[in-house]
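J.: Structure file structure08.txt (compact mmCIF, C-alpha atoms) is given on the next line.
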# COMPACT_ATOMS: atom_id res chain seq x y z
CA MET C 45 -51.56 42.84 -178.61
CA ARG C 46 -49.43 43.97 -175.64
CA GLY C 47 -52.56 44.59 -173.52
CA GLN C 48 -53.93 41.13 -174.38
CA PHE C 49 -50.62 39.53 -173.44
CA VAL C 50 -50.48 41.33 -170.09
CA HIS C 51 -54.10 40.40 -169.36
CA ARG C 52 -53.43 36.69 -170.11
CA ALA C 53 -50.32 36.82 -167.88
CA GLU C 54 -52.40 38.33 -165.10
CA LYS C 55 -55.01 35.60 -165.52
CA ARG C 56 -52.43 32.81 -165.38
CA LEU C 57 -50.79 34.24 -162.27
CA CYS C 58 -54.16 34.80 -160.65
CA ASP C 59 -55.05 31.16 -161.33
CA THR C 60 -51.78 30.10 -159.76
CA LEU C 61 -52.34 32.22 -156.64
CA VAL C 62 -55.99 31.43 -155.94
CA GLY C 63 -56.36 28.02 -157.60
CA ARG C 64 -59.26 26.88 -159.79
CA ARG C 65 -61.72 25.98 -157.08
CA ARG C 66 -64.50 27.86 -158.78
CA PRO C 67 -64.93 29.78 -162.04
CA ILE C 68 -63.85 33.40 -161.97
CA SER C 69 -65.46 35.82 -164.35
CA GLU C 70 -63.24 37.69 -166.78
CA HIS C 71 -64.57 40.93 -165.26
CA ASN C 72 -63.16 40.05 -161.86
CA HIS C 73 -59.77 38.74 -162.93
CA ARG C 74 -57.91 42.03 -162.57
CA ARG C 75 -59.40 42.87 -159.17
CA ARG C 76 -58.67 39.38 -157.80
CA PHE C 77 -55.20 39.51 -159.33
CA LEU C 78 -54.32 42.79 -157.59
CA HIS C 79 -55.82 41.64 -154.31
CA GLN C 80 -53.81 38.44 -154.29
CA LEU C 81 -50.61 40.28 -155.15
CA ALA C 82 -51.13 42.42 -152.07
CA LEU C 83 -51.43 39.31 -149.90
CA LYS C 84 -48.84 36.99 -151.38
CA ALA C 85 -45.25 37.82 -150.49
CA SER C 86 -44.00 36.06 -153.60
CA ALA C 87 -45.89 38.46 -155.81
CA THR C 88 -45.13 41.79 -154.11
CA ALA C 89 -42.21 42.43 -156.44
CA PHE C 90 -44.72 43.14 -159.20
CA LEU C 91 -46.61 45.86 -157.33
CA PRO C 92 -44.45 47.07 -154.42
CA TYR C 93 -46.24 48.63 -151.45
CA LEU C 94 -49.74 47.82 -152.72
CA ASP C 95 -50.23 45.86 -149.50
CA LEU C 96 -49.38 48.93 -147.45
CA MET C 97 -52.16 50.96 -148.96
CA ALA C 98 -54.48 48.00 -148.48
CA GLY C 99 -53.95 48.02 -144.68
CA PRO C 100 -57.00 47.87 -142.42
CA SER C 101 -56.80 51.61 -141.57
CA ALA C 102 -55.95 52.91 -145.05
CA GLY C 103 -58.55 55.36 -146.31
CA LYS C 104 -60.46 55.22 -143.04
CA VAL C 105 -58.42 57.55 -140.82
CA LYS C 106 -59.35 61.21 -140.55
CA ILE C 107 -57.47 64.02 -138.81
CA THR C 108 -59.37 65.36 -135.81
CA ASN C 109 -56.88 67.76 -134.21
CA VAL C 110 -53.55 69.51 -134.80
CA GLN C 111 -51.63 70.91 -131.83
CA CYS C 112 -48.31 72.68 -131.35
CA ILE C 113 -46.22 73.38 -128.25
CA LEU C 114 -42.89 75.15 -127.79
CA THR C 115 -40.15 73.12 -126.13
CA ARG C 116 -36.39 73.11 -125.54
CA ILE C 117 -35.69 69.43 -126.14
CA GLY C 118 -32.68 70.40 -128.29
CA PHE C 119 -30.30 73.34 -128.05
CA ARG C 120 -32.79 75.77 -129.62
CA VAL C 121 -36.55 76.23 -129.30
CA SER C 122 -38.28 73.22 -130.88
CA PRO C 123 -41.96 73.61 -131.83
CA LEU C 124 -43.51 70.13 -131.60
CA VAL C 125 -46.54 69.11 -133.66
CA LYS C 126 -49.09 66.49 -132.66
CA ILE C 127 -51.71 65.29 -135.16
CA THR C 128 -54.59 63.29 -133.70
CA THR C 129 -56.96 61.07 -135.68
CA ASP C 130 -60.34 59.44 -135.14
CA SER C 131 -58.64 56.03 -135.09
CA GLY C 132 -56.60 56.91 -132.01
CA LEU C 133 -53.36 56.96 -134.01
CA VAL C 134 -51.16 59.99 -133.38
CA GLY C 135 -48.34 61.51 -135.43
CA ILE C 136 -45.48 63.53 -133.93
CA GLY C 137 -43.32 66.10 -135.74
CA GLU C 138 -40.88 68.91 -134.98
CA CYS C 139 -40.54 72.25 -136.76
CA HIS C 140 -37.26 73.92 -137.60
CA HIS C 141 -36.50 76.71 -135.16
CA ASP C 142 -37.01 80.42 -135.57
CA GLU C 143 -35.91 82.89 -132.88
CA ASN C 144 -38.57 81.91 -130.33
CA GLY C 145 -40.82 79.43 -132.13
CA HIS C 146 -43.90 81.63 -132.14
CA GLY C 147 -43.83 82.10 -135.92
CA ALA C 148 -43.97 78.38 -136.67
CA LYS C 149 -46.61 77.77 -134.00
CA ASP C 150 -48.81 80.52 -135.47
CA VAL C 151 -48.69 78.97 -138.95
CA VAL C 152 -49.30 75.42 -137.67
CA LEU C 153 -52.39 76.38 -135.67
CA ASN C 154 -53.92 79.11 -137.84
CA VAL C 155 -53.02 78.00 -141.36
CA CYS C 156 -52.18 74.29 -141.41
CA LYS C 157 -54.77 73.06 -138.93
CA PRO C 158 -57.87 74.36 -140.81
CA ILE C 159 -56.59 72.72 -144.02
CA LEU C 160 -55.91 69.37 -142.32
CA MET C 161 -59.04 68.93 -140.24
CA GLY C 162 -61.15 66.01 -141.46
CA GLN C 163 -58.55 65.00 -144.07
CA ASP C 164 -56.96 61.60 -144.73
CA PRO C 165 -53.25 61.81 -143.79
CA LEU C 166 -52.41 59.40 -146.63
CA ASN C 167 -53.09 62.30 -149.01
CA LEU C 168 -49.82 63.85 -147.87
CA GLU C 169 -48.54 65.42 -151.07
CA TYR C 170 -51.91 66.99 -151.86
CA LEU C 171 -52.19 68.44 -148.35
CA VAL C 172 -48.62 69.75 -148.37
CA PHE C 173 -49.40 71.45 -151.69
CA LYS C 174 -52.51 73.05 -150.17
CA MET C 175 -50.54 74.32 -147.17
CA SER C 176 -47.66 75.55 -149.35
CA THR C 177 -49.87 77.51 -151.73
CA ARG C 178 -51.84 78.97 -148.81
CA THR C 179 -48.60 80.29 -147.25
CA SER C 180 -46.77 81.17 -150.48
CA TYR C 181 -47.10 84.91 -149.79
CA TYR C 182 -45.30 84.46 -146.45
CA GLY C 183 -41.82 84.65 -147.96
CA GLY C 184 -42.42 82.74 -151.19
CA ASN C 185 -42.27 79.26 -149.65
CA HIS C 186 -39.19 80.15 -147.63
CA GLY C 187 -38.63 80.78 -143.95
CA VAL C 188 -40.97 80.27 -141.02
CA ALA C 189 -44.00 79.14 -143.00
CA THR C 190 -42.03 76.32 -144.61
CA HIS C 191 -40.58 75.39 -141.20
CA ALA C 192 -44.13 75.00 -139.90
CA ILE C 193 -45.35 72.94 -142.87
CA THR C 194 -42.31 70.68 -142.57
CA GLY C 195 -43.08 69.96 -138.90
CA VAL C 196 -46.61 69.02 -139.93
CA GLU C 197 -45.29 66.88 -142.80
CA PHE C 198 -43.01 65.04 -140.37
CA ALA C 199 -46.02 64.25 -138.19
CA MET C 200 -48.02 63.05 -141.19
CA TRP C 201 -45.24 60.63 -142.17
CA ASP C 202 -45.25 59.30 -138.62
CA LEU C 203 -48.99 58.73 -139.01
CA ILE C 204 -48.62 57.09 -142.42
CA GLY C 205 -46.13 54.65 -140.95
CA LYS C 206 -48.52 53.79 -138.15
CA ILE C 207 -51.50 53.44 -140.49
CA THR C 208 -49.56 51.04 -142.73
CA GLY C 209 -47.76 49.32 -139.86
CA GLN C 210 -44.32 50.16 -141.34
CA PRO C 211 -41.33 52.27 -140.29
CA VAL C 212 -41.00 55.41 -142.40
CA HIS C 213 -37.61 54.41 -143.80
CA ARG C 214 -39.20 51.36 -145.43
CA ILE C 215 -41.92 53.24 -147.28
CA LEU C 216 -40.27 56.57 -148.19
CA GLY C 217 -39.18 56.57 -151.81
CA GLY C 218 -38.98 52.82 -152.21
CA GLY C 219 -37.33 51.71 -148.99
CA ALA C 220 -34.02 51.99 -147.15
CA HIS C 221 -30.52 51.32 -148.48
CA VAL C 222 -28.99 50.96 -145.00
CA LYS C 223 -29.98 49.71 -141.55
CA GLU C 224 -28.26 52.62 -139.79
CA VAL C 225 -27.24 56.11 -140.90
CA ARG C 226 -23.66 57.33 -140.71
CA ALA C 227 -23.36 60.60 -138.79
CA TYR C 228 -20.69 63.24 -138.37
CA ALA C 229 -20.17 65.04 -135.05
CA SER C 230 -20.39 68.80 -135.41
CA THR C 231 -17.59 69.63 -132.99
CA GLY C 232 -13.84 70.12 -132.76
CA PRO C 233 -10.84 70.36 -130.47
CA ARG C 234 -10.64 72.97 -127.73
CA ASP C 235 -7.69 74.46 -129.62
CA MET C 236 -6.91 73.34 -133.17
CA LEU C 237 -3.51 75.01 -132.98
CA SER C 238 -2.50 72.77 -130.08
CA LYS C 239 -1.39 69.27 -131.06
CA GLU C 240 -2.12 68.05 -127.54
CA SER C 241 -5.68 69.35 -127.75
CA CYS C 242 -6.15 67.64 -131.11
CA VAL C 243 -4.88 64.34 -129.71
CA GLU C 244 -7.30 64.64 -126.78
CA PHE C 245 -10.13 65.32 -129.23
CA ALA C 246 -9.18 62.36 -131.42
CA GLU C 247 -9.17 60.01 -128.44
CA ARG C 248 -12.67 61.13 -127.45
CA MET C 249 -14.07 60.88 -130.98
CA LYS C 250 -12.60 57.47 -131.72
CA GLY C 251 -13.41 56.22 -128.25
CA GLN C 252 -17.10 56.86 -128.93
CA GLY C 253 -16.93 55.26 -132.38
CA TRP C 254 -17.23 58.38 -134.54
CA THR C 255 -15.84 58.22 -138.09
CA ALA C 256 -16.31 61.86 -139.12
CA CYS C 257 -16.54 65.37 -137.68
CA LYS C 258 -17.19 68.92 -138.87
CA THR C 259 -15.11 71.67 -137.28
CA ASN C 260 -15.47 75.46 -137.50
CA ILE C 261 -12.73 77.43 -139.18
CA LEU C 262 -10.54 79.83 -137.20
CA ARG C 263 -11.39 83.46 -137.88
CA ASP C 264 -10.92 86.90 -136.35
CA GLN C 265 -14.57 87.79 -137.06
CA ARG C 266 -17.65 85.91 -135.92
CA TRP C 267 -19.63 84.59 -138.89
CA ASP C 268 -22.86 86.07 -137.49
CA ALA C 269 -21.32 89.52 -136.87
CA LEU C 270 -19.29 90.14 -140.02
CA ASP C 271 -17.58 93.39 -140.93
CA ASN C 272 -16.47 92.09 -144.34
CA ARG C 273 -16.04 88.89 -146.37
CA ARG C 274 -12.24 88.94 -146.59
CA LEU C 275 -9.92 86.37 -145.06
CA SER C 276 -6.39 87.54 -144.19
CA ASN C 277 -3.23 85.60 -144.97
CA LEU C 278 -2.64 85.07 -141.25
CA GLU C 279 -6.11 83.54 -140.89
CA VAL C 280 -5.50 81.28 -143.89
CA ASP C 281 -2.22 80.05 -142.39
CA ARG C 282 -3.78 79.43 -138.96
CA ASN C 283 -6.45 77.25 -140.57
CA ALA C 284 -3.86 75.34 -142.56
CA LYS C 285 -1.96 74.58 -139.36
CA GLY C 286 -5.08 73.78 -137.27
CA TYR C 287 -6.58 71.32 -139.73
CA ALA C 288 -3.19 69.73 -140.31
CA ASN C 289 -2.98 69.13 -136.55
CA MET C 290 -6.42 67.51 -136.61
CA ARG C 291 -5.46 65.24 -139.52
CA GLU C 292 -2.28 64.16 -137.77
CA ALA C 293 -4.21 63.27 -134.60
CA LEU C 294 -7.23 61.63 -136.26
CA GLY C 295 -5.51 59.79 -139.09
CA LEU C 296 -6.41 59.62 -142.77
CA GLY C 297 -9.31 57.21 -142.23
CA PHE C 298 -11.31 59.74 -140.19
CA ASP C 299 -13.27 62.27 -142.30
CA ILE C 300 -12.94 65.97 -141.44
CA ALA C 301 -15.27 68.63 -142.86
CA VAL C 302 -14.15 72.28 -142.92
CA HIS C 303 -17.02 74.43 -141.66
CA CYS C 304 -17.61 77.97 -142.96
CA HIS C 305 -20.84 79.98 -142.68
CA TRP C 306 -21.49 81.40 -146.19
CA GLU C 307 -19.11 84.23 -145.29
CA PHE C 308 -16.34 84.72 -147.89
CA ASP C 309 -15.69 86.41 -151.20
CA PHE C 310 -14.44 84.22 -154.04
CA ASP C 311 -10.71 84.90 -153.54
CA SER C 312 -10.84 84.19 -149.80
CA ALA C 313 -12.82 80.99 -150.36
CA LEU C 314 -10.32 79.72 -152.93
CA ARG C 315 -7.30 80.55 -150.76
CA LEU C 316 -8.89 78.72 -147.82
CA ALA C 317 -9.63 75.69 -150.02
CA GLU C 318 -6.00 75.59 -151.17
CA ALA C 319 -4.75 75.96 -147.58
CA VAL C 320 -6.69 72.99 -146.19
CA ALA C 321 -6.27 70.77 -149.27
CA PRO C 322 -3.18 68.91 -147.96
CA MET C 323 -5.21 67.34 -145.14
CA ARG C 324 -7.80 66.11 -147.70
CA PRO C 325 -11.10 67.20 -146.13
CA ILE C 326 -14.31 65.38 -146.97
CA TRP C 327 -15.72 68.79 -147.97
CA LEU C 328 -15.44 72.57 -147.57
CA GLU C 329 -18.86 73.75 -146.42
CA ASP C 330 -20.63 77.00 -147.36
CA PRO C 331 -17.58 79.08 -148.32
CA LEU C 332 -19.56 81.60 -150.46
CA PRO C 333 -22.76 83.59 -149.72
CA ILE C 334 -26.01 81.63 -149.89
CA ALA C 335 -27.49 82.53 -153.28
CA PHE C 336 -26.41 80.75 -156.46
CA ASN C 337 -24.32 82.58 -159.02
CA GLU C 338 -21.54 81.72 -161.46
CA GLN C 339 -18.85 82.03 -158.77
CA TRP C 340 -20.06 78.74 -157.22
CA VAL C 341 -19.35 76.97 -160.50
CA LYS C 342 -15.97 78.67 -160.81
CA LEU C 343 -15.02 77.75 -157.22
CA THR C 344 -16.07 74.13 -157.68
CA GLU C 345 -13.95 73.90 -160.82
CA LYS C 346 -10.86 75.54 -159.29
CA ALA C 347 -10.89 74.34 -155.67
CA PRO C 348 -8.69 71.34 -154.87
CA VAL C 349 -11.24 70.08 -152.32
CA PRO C 350 -14.94 69.07 -152.61
CA ILE C 351 -17.33 72.04 -152.26
CA LEU C 352 -20.62 71.60 -150.39
CA THR C 353 -23.61 73.83 -149.72
CA GLY C 354 -27.37 73.62 -149.14
CA GLU C 355 -28.27 74.15 -145.49
CA ASN C 356 -29.99 77.48 -146.21
CA LEU C 357 -31.84 76.35 -149.34
CA TYR C 358 -35.57 75.67 -149.53
CA GLY C 359 -37.10 73.18 -151.92
CA ARG C 360 -36.14 71.98 -155.39
CA ASP C 361 -36.17 75.46 -156.89
CA ASP C 362 -33.34 76.62 -154.62
CA PHE C 363 -31.26 73.47 -155.13
CA ARG C 364 -31.81 73.15 -158.88
CA PRO C 365 -29.26 75.74 -160.13
CA PHE C 366 -26.51 74.33 -157.90
CA ILE C 367 -27.20 70.83 -159.20
CA VAL C 368 -27.78 71.38 -162.91
CA ASN C 369 -24.89 73.87 -163.21
CA GLN C 370 -22.54 71.69 -161.13
CA GLY C 371 -22.01 74.49 -158.64
CA VAL C 372 -21.17 71.99 -155.87
CA ASN C 373 -19.57 68.59 -155.47
CA ILE C 374 -21.95 67.54 -152.69
CA ILE C 375 -25.33 68.95 -151.68
CA GLU C 376 -26.40 69.26 -148.07
CA ILE C 377 -30.13 69.20 -147.31
CA ASP C 378 -31.57 70.42 -144.03
CA VAL C 379 -34.71 68.31 -144.20
CA SER C 380 -36.55 70.36 -141.57
CA MET C 381 -35.94 73.52 -143.64
CA ALA C 382 -36.05 72.27 -147.21
CA GLY C 383 -39.73 71.25 -147.09
CA GLY C 384 -39.90 67.82 -145.46
CA LEU C 385 -39.07 64.21 -146.22
CA LEU C 386 -40.81 63.97 -149.58
CA GLU C 387 -39.33 67.22 -150.89
CA ALA C 388 -35.88 66.20 -149.66
CA LYS C 389 -36.21 62.89 -151.47
CA LYS C 390 -37.06 64.71 -154.69
CA ILE C 391 -34.01 66.95 -154.28
CA ALA C 392 -31.79 63.93 -153.65
CA ASP C 393 -33.18 62.16 -156.72
CA LEU C 394 -32.40 65.22 -158.85
CA ALA C 395 -28.85 65.31 -157.48
CA GLU C 396 -28.40 61.63 -158.24
CA THR C 397 -29.07 62.23 -161.93
CA TYR C 398 -25.99 64.51 -161.92
CA TYR C 399 -23.89 62.04 -159.88
CA ILE C 400 -23.86 64.42 -156.89
CA PRO C 401 -23.96 62.75 -153.46
CA VAL C 402 -26.01 64.00 -150.51
CA ALA C 403 -25.32 64.91 -146.89
CA THR C 404 -27.68 66.41 -144.32
CA HIS C 405 -27.46 69.52 -142.19
CA ASN C 406 -29.32 69.23 -138.91
CA VAL C 407 -29.58 71.71 -136.04
CA ALA C 408 -32.97 70.44 -134.83
CA GLY C 409 -33.91 68.41 -131.75
CA PRO C 410 -34.08 64.61 -131.40
CA ILE C 411 -37.49 64.16 -133.09
CA ALA C 412 -36.60 65.98 -136.31
CA THR C 413 -33.21 64.24 -136.21
CA ILE C 414 -34.84 60.81 -136.30
CA ALA C 415 -37.22 61.95 -139.07
CA SER C 416 -34.27 63.27 -141.09
CA ALA C 417 -32.34 60.02 -140.59
CA ASN C 418 -35.30 58.08 -142.02
CA PHE C 419 -34.93 60.19 -145.16
CA ALA C 420 -31.16 59.66 -145.24
CA ALA C 421 -31.63 55.89 -145.20
CA SER C 422 -33.63 56.16 -148.45
CA VAL C 423 -30.79 57.89 -150.35
CA ARG C 424 -28.36 55.51 -152.01
CA GLU C 425 -25.53 58.04 -152.45
CA PHE C 426 -25.69 59.35 -148.91
CA VAL C 427 -22.50 60.58 -147.22
CA ALA C 428 -23.21 61.55 -143.61
CA HIS C 429 -25.83 63.11 -141.30
CA GLU C 430 -25.08 66.01 -138.96
CA ALA C 431 -25.17 65.36 -135.21
CA PHE C 432 -24.58 67.69 -132.28
CA VAL C 433 -23.10 66.42 -129.04
CA GLY C 434 -23.25 69.49 -126.80
CA HIS C 435 -25.97 68.25 -124.44
CA PRO C 436 -24.49 66.67 -121.27
CA LYS C 437 -26.03 63.30 -122.14
CA ASN C 438 -24.67 63.56 -125.69
CA ARG C 439 -21.15 64.28 -124.46
CA GLU C 440 -21.35 61.05 -122.48
CA GLY C 441 -22.20 59.14 -125.66
CA HIS C 442 -25.97 58.99 -125.07
CA GLY C 443 -28.02 60.36 -127.97
CA ILE C 444 -27.51 63.43 -130.17
CA ASN C 445 -29.09 66.87 -130.66
CA GLY C 446 -30.58 67.04 -127.17
CA ASP C 447 -32.08 64.71 -124.60
CA PRO C 448 -32.79 61.36 -126.31
CA ASP C 449 -35.02 60.25 -123.44
CA VAL C 450 -37.88 62.37 -124.80
CA LEU C 451 -38.20 59.93 -127.72
CA GLY C 452 -39.28 56.78 -125.91
CA TYR C 453 -37.10 55.05 -128.51
CA ASP C 454 -36.63 51.29 -128.53
CA LYS C 455 -32.85 51.46 -128.97
CA GLU C 456 -29.89 53.74 -128.43
CA MET C 457 -30.20 56.74 -130.75
CA ILE C 458 -26.53 56.71 -131.77
CA VAL C 459 -24.13 53.75 -131.76
CA LYS C 460 -20.51 54.09 -132.92
CA GLY C 461 -21.26 57.22 -134.90
CA HIS C 462 -24.35 55.80 -136.63
CA ILE C 463 -27.98 56.84 -136.06
CA GLN C 464 -30.10 53.81 -135.28
CA LEU C 465 -33.39 53.29 -137.12
CA SER C 466 -36.37 51.74 -135.40
CA ASP C 467 -38.37 48.88 -136.93
CA ARG C 468 -41.52 50.06 -135.16
CA PRO C 469 -44.22 51.79 -137.23
CA GLY C 470 -43.68 55.46 -138.07
CA TYR C 471 -40.48 56.81 -136.56
CA GLY C 472 -40.62 54.36 -133.67
CA ILE C 473 -41.13 57.26 -131.26
CA GLU C 474 -43.34 56.97 -128.17
CA LEU C 475 -43.04 60.54 -126.94
CA ASN C 476 -42.22 60.94 -123.23
CA GLU C 477 -44.75 63.69 -122.58
CA LYS C 478 -44.18 63.55 -118.83
CA LEU C 479 -40.49 64.38 -119.28
CA ILE C 480 -41.29 67.22 -121.68
CA ARG C 481 -43.90 68.65 -119.31
CA GLU C 482 -41.54 68.54 -116.35
CA ARG C 483 -38.29 69.75 -117.96
CA TYR C 484 -38.56 71.08 -121.47
CA LEU C 485 -41.66 73.25 -121.96
CA VAL C 486 -40.91 76.87 -122.82
CA ALA C 487 -42.06 79.21 -120.05
CA GLY C 488 -45.77 79.98 -120.38
CA GLU C 489 -46.53 76.93 -122.56
CA ALA C 490 -49.20 74.42 -121.58
CA MET C 491 -48.83 70.78 -122.57
CA TRP C 492 -51.22 69.67 -125.27
CA SER C 493 -54.31 67.78 -124.24
As a first step, turn the structure in this file into structure tokens.
T.:
Amino acid sequence: MRGQFVHRAEKRLCDTLVGRRRPISEHNHRRRFLHQLALKASATAFLPYLDLMAGPSAGKVKITNVQCILTRIGFRVSPLVKITTDSGLVGIGECHHDENGHGAKDVVLNVCKPILMGQDPLNLEYLVFKMSTRTSYYGGNHGVATHAITGVEFAMWDLIGKITGQPVHRILGGGAHVKEVRAYASTGPRDMLSKESCVEFAERMKGQGWTACKTNILRDQRWDALDNRRLSNLEVDRNAKGYANMREALGLGFDIAVHCHWEFDFDSALRLAEAVAPMRPIWLEDPLPIAFNEQWVKLTEKAPVPILTGENLYGRDDFRPFIVNQGVNIIEIDVSMAGGLLEAKKIADLAETYYIPVATHNVAGPIATIASANFAASVREFVAHEAFVGHPKNREGHGINGDPDVLGYDKEMIVKGHIQLSDRPGYGIELNEKLIRERYLVAGEAMWS
């Protein structure tokens, strides 16, 4: 009965859309019904995005080449991916860094490219699965191989947007929740222990329109050259004073994240959380070592501040125990590490079912930053997106995470602490290859053809 009812409803709506100018066979009702829904704006609510897949290029575009070059468009080596098609449409992506980029480039050219040649880029999830299973013995879908696949996935999303004539943020996971993405500046005062320095920092941040920052803790040891995981009482007190100075200068309405690097034992992490609690940070980031265990749950329950982690996790399997066991208050996804836009969206959807909001970690260049921001716009419970402002142009308020002029973007990349999203198809990027060739190629690299 239900099927007959739905079929009659389809027939009535089809009659309304196309009129009764000539008889339509019962056999053709469903096909005409779906076709008209794709064309009529008033009916798209019934079958969202059917019109996108019915675009003139859908199902007709084949991949003809995959190229990769090593650049320094950000503050680390950025392997860039270019996917060319027989339609003339091109997709651009950026891989997460390794030490010199050669690992990612090797996987892109010698593993991903043979799988992609002759394929339809609309079959993205199938092709990502093929690439992931092919490289699964290179670190178990972790590390450099996943970095490479993610750069390729970014480029495929750029292509899908161009094929369908839509910006990625409108077609990823059901569309965007925002028109711009809130960002936090990963920076801090010259000297947290100096109130004058904190005031100077606050004036610069607020003058450029920022609403949040993430600042490294004060420590006697460098996080990347540790002797042990203990934090002394003197270090705890210095951090309490430094972050209190920042809060006084920035005011309560400006969010401050406390930045660790997965470096402490449980006791040190809890003492640090208690020390910075009076200034009410937006989160305490990565206080414990990377892997999940019961101490994450214990810390989240006992700490008087929100606990966040995720920048070193790959895919749903790494995030799942933190989410389902409530081992964090907020998860942080590095989209260029975690497996790409689609995988990040799946992780965010899982977190949402546990009422856990999402932030993004991001140490990549401008291209991956824009790709990541398109993902962020699709997440309803999104907090903030990481942005670096160390490049001379960034310090002047122009762009983030490197030279924004490489993008050929149709708007300022960052405005008042918010990443701007393009309405052009794909990511809205028209890559400035001349600028990359002249300034940003790694020594010995040749620009792609």
J.: Which is closest to Val188 in chain C among C:Ile374, C:Val152, C:Ala431, C:Ile107, if we use all atoms listed in the file?
T.: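 Of all the options, C:Val152 lies closest to Val188 in chain C.
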J.: For range 133-141 of chain C, work out the shell of residues within 7 Å, counting only C-alpha atoms and skipping chain neighbours fewer than 3 positions away, then give it as a list in words.
T.: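 Near neighbours after the sequence-gap exclusion: Arg120, Val121, Ser122, Pro123, Leu124, Val125, Lys126, Ile127, Thr128, Thr129, Gly145, His191, Ala192, Thr194, Gly195, Val196, Phe198, Ala199, Met200, Asp202, Leu203, Ser380, Met381, Ala408, Ile411 and Ala412 of chain C.
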J.: Find, counting all atoms listed in the file, the residue in C:Ile400, C:Ile463, C:Leu294, C:Ile473 that gets nearest to Leu451 in chain C.
T.: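 The closest residue to Leu451 in chain C is C:Ile473.
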J.: Which of these residues is nearest to Gly184 in chain C, using only C-alpha atoms: C:Pro436, C:Gly209, C:Gly409, C:Gly359?
T.: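 Closest candidate: C:Gly359.
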J.: In Å, with one decimal, what is the gap from CA of Ile377 in chain C to CA of Leu357 in chain C?
T.: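 CA of Leu357 in chain C lies 7.6 Å from CA of Ile377 in chain C.
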J.: Would you please work out which residue, of C:Arg266, C:Leu171, C:Gly286, C:Val450, is nearest to Ser241 in chain C when using only C-alpha atoms?
T.: C:Gly286
J.: Rounded to one decimal, what separation in Å do you get between CA of Val349 in chain C and CA of Thr413 in chain C?
T.: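 Interatomic distance, CA of Val349 in chain C to CA of Thr413 in chain C: 27.9 Å.
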J.: Provide the CA of Phe119 in chain C to CA of Phe298 in chain C distance in Å, to one decimal place.
T.: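 Interatomic distance, CA of Phe119 in chain C to CA of Phe298 in chain C: 26.3 Å.
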J.: Counting only C-alpha atoms, which residue out of C:Glu456, C:Trp254, C:Val486, C:Asn154 sits closest to Val433 in chain C?
T.: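 Checking each of C:Glu456, C:Trp254, C:Val486, C:Asn154 against Val433 in chain C, counting only C-alpha atoms, the winner is C:Trp254.
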J.: My list of candidates is C:Thr231, C:Thr108, C:Ser312, C:Gln464. Which is closest to Gly132 in chain C when distances are computed with all atoms listed in the file?
T.: C:Thr108
J.: Could you name the residues that touch Lys478 in chain C at 10 Å or less, counting all atoms listed in the file, but leaving out those on the same chain fewer than 5 positions away, as number ranges by chain?
T.: C: 450, 483-484, 491
J.: Give me a file of those residues, with C-alpha atoms, as a tab-separated table (two decimals), in the coordinates of the input.
T.:
chain	number	residue	atom	x	y	z
C	450	VAL	CA	-37.88	62.37	-124.80
C	483	ARG	CA	-38.29	69.75	-117.96
C	484	TYR	CA	-38.56	71.08	-121.47
C	491	MET	CA	-48.83	70.78	-122.57
J.: Which residues come within 9 Å of His429 in chain C, counting all atoms listed in the file, excluding same-chain residues fewer than 4 positions away, as an MDAnalysis selection string?
T.: chainID C and resid 225:229 403:406 416:417 420 462:463
J.: Within 7 Å of Lys437 in chain C, counting all atoms listed in the file, which residues show up once you throw out same-chain ones fewer than 5 positions away? Write them as an MDAnalysis selection string, please.
T.: chainID C and resid 442:443 447
J.: Can you pull out the residues contacting Cys257 in chain C? Cut-off 12 Å, using all atoms listed in the file, and skip same-chain residues under 5 positions away; I want them as a PyMOL selection string.
T.: chain C and resi 226-233+245-246+248-250+287+290-291+294+297-303+325-327+428-433+461
